[in-house]
Amino acid sequence: MARSAQRRNRERRERRPRPRAATPMARPAASYEDTMFFPRLRRQAKWMFVLLAVIFGLGYVIFNVGGTIPGTGLGDVLQGLGQGTSGPSVGGAEDKIKDEPNNPAGYRDLANALQREQRTDEAVAPLTRYLQLRPKDRTALSQLAGIYLTQAQRAQDRAQLAQFRLQQLTGGDLFTPGQSSRFGQQFGTGQVSQIEANRLNQQLSTDFTAAQQAYQNATRTYKSLIGATPRQAQADQPSIFLQLGFAAQAGGDYKEALAAYNRFLIVAPDSPNAAGVRAQIKQLEAAIKAQASQPGQQ
């Protein structure tokens, strides 16, 4: 009887459900994308893409690349500046400078000759020297500002191309094996692509900086141009304030741009461009406010 009772007790215990051992919670695996080089690169370069998008957008919205503000397009600024078909050659102008180093005409002739030969960047130095001797020459100031805008546009074009190629390159490696696995370490490094991406990212940064510097040079030159322009002439040529505003805004000097646009509205309140300028002022005020709210900004 005792053995029978023991057997029945054992059978009941065996039929009872046994509690399962608690399964340890699996730690969330690192995101596949977190282990990859190119997504990290895209995040690091995101600020550059944003700033470039702002500048490229400005070119279309403000400066009439897309035709919104007549008289302020790059073609309008450069029209007739140093583009004549006749005049002293580069060699002739250089000889004039050697003979008369303090004669401003030689430097102006050299700048014009260089521009006729499409050597625009080389024209900056003699034109700058000419303006040191003739600082109130408004035509020369406009010419120099136009050269700086040309430099900025070329730098933008190069940066856009680098950005496009970089996005193509980083987007094409989304299925690269993660570096945490042995297989990924052996086969997924994408070393050639990584080197090319680093090169493009450096080019993007260099060209962006070059564009910013050229816009800042243009801003400084337009301010000199306005300073050399009598008040009455400013009323007859209000587009110089739009040109200053665009150069300053594209160069990151929002306060200078805001002052230029407001001055335009004072000089030409009934201009057909006034509504577009007021819209730009609202955007600038919002940008300045947002900029001031960033940590570390005054």
# chains A, B, ... in the order shown; residues from 1 in each chain; ligands from 1
>>> residues_around(residues="stretch 253-256 of chain A", least_positions_apart="5", cutoff="12 Å", atoms="only C-alpha atoms", output="PyMOL selection string")
chain A and resi 212-213+215-220+222-223+241-248+261-263+280-292
>>> residues_around(residues="stretch 149-157 of chain A", least_positions_apart="6", cutoff="6 Å", atoms="only C-alpha atoms", output="compact mmCIF listing (two decimals) with N, CA, C and O atoms, in the first residue's frame")
# COMPACT_ATOMS: atom_id res chain seq x y z
N ASP A 207 34.95 73.27 -51.87
CA ASP A 207 34.20 74.11 -52.80
C ASP A 207 33.15 74.95 -52.08
O ASP A 207 32.88 76.09 -52.46
N ALA A 211 33.01 78.99 -52.23
CA ALA A 211 31.81 79.75 -52.59
C ALA A 211 31.50 80.79 -51.52
O ALA A 211 31.19 81.95 -51.84
N ALA A 214 33.93 83.68 -51.79
CA ALA A 214 33.66 84.53 -52.95
C ALA A 214 32.44 85.41 -52.70
O ALA A 214 32.43 86.59 -53.08
>>> residues_around(residues="A:Thr221", least_positions_apart="4", cutoff="12 Å", atoms="only C-alpha atoms", output="short mmCIF file (atom, residue, chain, number, x, y, z; two decimals) with N, CA and C atoms, in the first residue's frame")
data_model
loop_
_atom_site.label_atom_id
_atom_site.label_comp_id
_atom_site.auth_asym_id
_atom_site.auth_seq_id
_atom_site.Cartn_x
_atom_site.Cartn_y
_atom_site.Cartn_z
N VAL A 124 41.42 89.43 -61.11
CA VAL A 124 41.13 90.01 -59.79
C VAL A 124 42.28 90.88 -59.30
N LEU A 127 42.69 94.26 -61.16
CA LEU A 127 41.52 95.10 -60.91
C LEU A 127 41.52 95.62 -59.48
N THR A 128 41.96 94.79 -58.56
CA THR A 128 42.07 95.22 -57.17
C THR A 128 43.10 96.34 -57.04
N LEU A 131 41.67 99.56 -58.31
CA LEU A 131 40.74 100.18 -57.37
C LEU A 131 41.46 100.79 -56.17
N PRO A 135 39.57 104.29 -56.13
CA PRO A 135 38.60 103.57 -55.29
C PRO A 135 37.15 103.93 -55.54
N LYS A 136 36.87 105.01 -56.23
CA LYS A 136 35.48 105.43 -56.45
C LYS A 136 34.96 105.08 -57.84
N ASP A 137 35.71 104.29 -58.59
CA ASP A 137 35.29 103.92 -59.95
C ASP A 137 34.18 102.87 -59.84
N ARG A 138 32.94 103.30 -60.04
CA ARG A 138 31.80 102.40 -59.84
C ARG A 138 31.75 101.28 -60.88
N THR A 139 32.17 101.57 -62.10
CA THR A 139 32.16 100.53 -63.12
C THR A 139 33.15 99.43 -62.77
N ALA A 140 34.32 99.81 -62.28
CA ALA A 140 35.33 98.81 -61.90
C ALA A 140 34.87 98.02 -60.67
N LEU A 141 34.21 98.69 -59.74
CA LEU A 141 33.68 97.99 -58.57
C LEU A 141 32.62 96.96 -58.98
N SER A 142 31.76 97.34 -59.89
CA SER A 142 30.75 96.40 -60.40
C SER A 142 31.43 95.22 -61.10
N GLN A 143 32.48 95.52 -61.86
CA GLN A 143 33.20 94.48 -62.57
C GLN A 143 33.82 93.49 -61.58
N LEU A 144 34.45 93.99 -60.54
CA LEU A 144 35.09 93.12 -59.55
C LEU A 144 34.05 92.28 -58.80
N ALA A 145 32.95 92.91 -58.42
CA ALA A 145 31.88 92.17 -57.74
C ALA A 145 31.35 91.05 -58.64
N GLY A 146 31.21 91.36 -59.94
CA GLY A 146 30.75 90.35 -60.87
C GLY A 146 31.70 89.18 -60.98
N ILE A 147 33.00 89.44 -60.94
CA ILE A 147 33.99 88.36 -60.98
C ILE A 147 33.86 87.47 -59.75
N TYR A 148 33.68 88.10 -58.59
CA TYR A 148 33.53 87.30 -57.37
C TYR A 148 32.27 86.43 -57.44
N LEU A 149 31.19 86.97 -58.00
CA LEU A 149 29.97 86.17 -58.13
C LEU A 149 30.18 85.01 -59.10
N ALA A 214 33.93 83.68 -51.79
CA ALA A 214 33.66 84.53 -52.95
C ALA A 214 32.44 85.41 -52.70
N TYR A 215 31.41 84.88 -52.07
CA TYR A 215 30.24 85.69 -51.74
C TYR A 215 30.60 86.79 -50.75
N GLN A 216 31.45 86.48 -49.80
CA GLN A 216 31.86 87.50 -48.84
C GLN A 216 32.68 88.60 -49.52
N ASN A 217 33.53 88.20 -50.49
CA ASN A 217 34.27 89.20 -51.25
C ASN A 217 33.32 90.08 -52.07
N LEU A 225 30.81 99.73 -53.52
CA LEU A 225 30.10 100.32 -54.65
C LEU A 225 28.99 101.25 -54.19
N ILE A 226 28.23 100.81 -53.20
CA ILE A 226 27.14 101.64 -52.68
C ILE A 226 27.71 102.89 -52.01
N GLY A 227 28.84 102.73 -51.31
CA GLY A 227 29.46 103.88 -50.68
C GLY A 227 29.96 104.90 -51.68
N ALA A 228 30.30 104.43 -52.89
CA ALA A 228 30.78 105.34 -53.92
C ALA A 228 29.66 105.90 -54.78
N ILE A 240 21.38 97.55 -57.04
CA ILE A 240 22.63 97.30 -56.32
C ILE A 240 22.36 96.82 -54.90
N GLN A 243 21.58 93.14 -55.21
CA GLN A 243 22.82 92.39 -55.44
C GLN A 243 23.61 92.25 -54.14
N LEU A 244 23.68 93.33 -53.37
CA LEU A 244 24.33 93.26 -52.07
C LEU A 244 23.60 92.29 -51.16
N ALA A 247 24.35 88.62 -52.21
CA ALA A 247 25.71 88.21 -51.90
C ALA A 247 25.88 88.00 -50.40
N ALA A 248 25.33 88.92 -49.61
CA ALA A 248 25.45 88.81 -48.15
C ALA A 248 24.69 87.60 -47.64
#
>>> closest_residue(among="A:Leu265, A:Leu200, A:Gln294, A:Gln132", to="A:Ala279", atoms="only C-alpha atoms")
A:Leu265
>>> residues_around(residues="A:Ala159", least_positions_apart="4", cutoff="10 Å", atoms="only C-alpha atoms", output="ChimeraX atom specification")
/A:48-49,52,153-155,163-165,200-201,203-211
>>> select_by_dssp(residues="stretch 81-121 of chain A", states="helix (DSSP H, G or I)", output="ChimeraX atom specification")
/A:90-99,104-116,121
>>> atom_distance(atom1="atom CA of A:Ala105", atom2="atom CA of A:Ser224")
20.2 Å
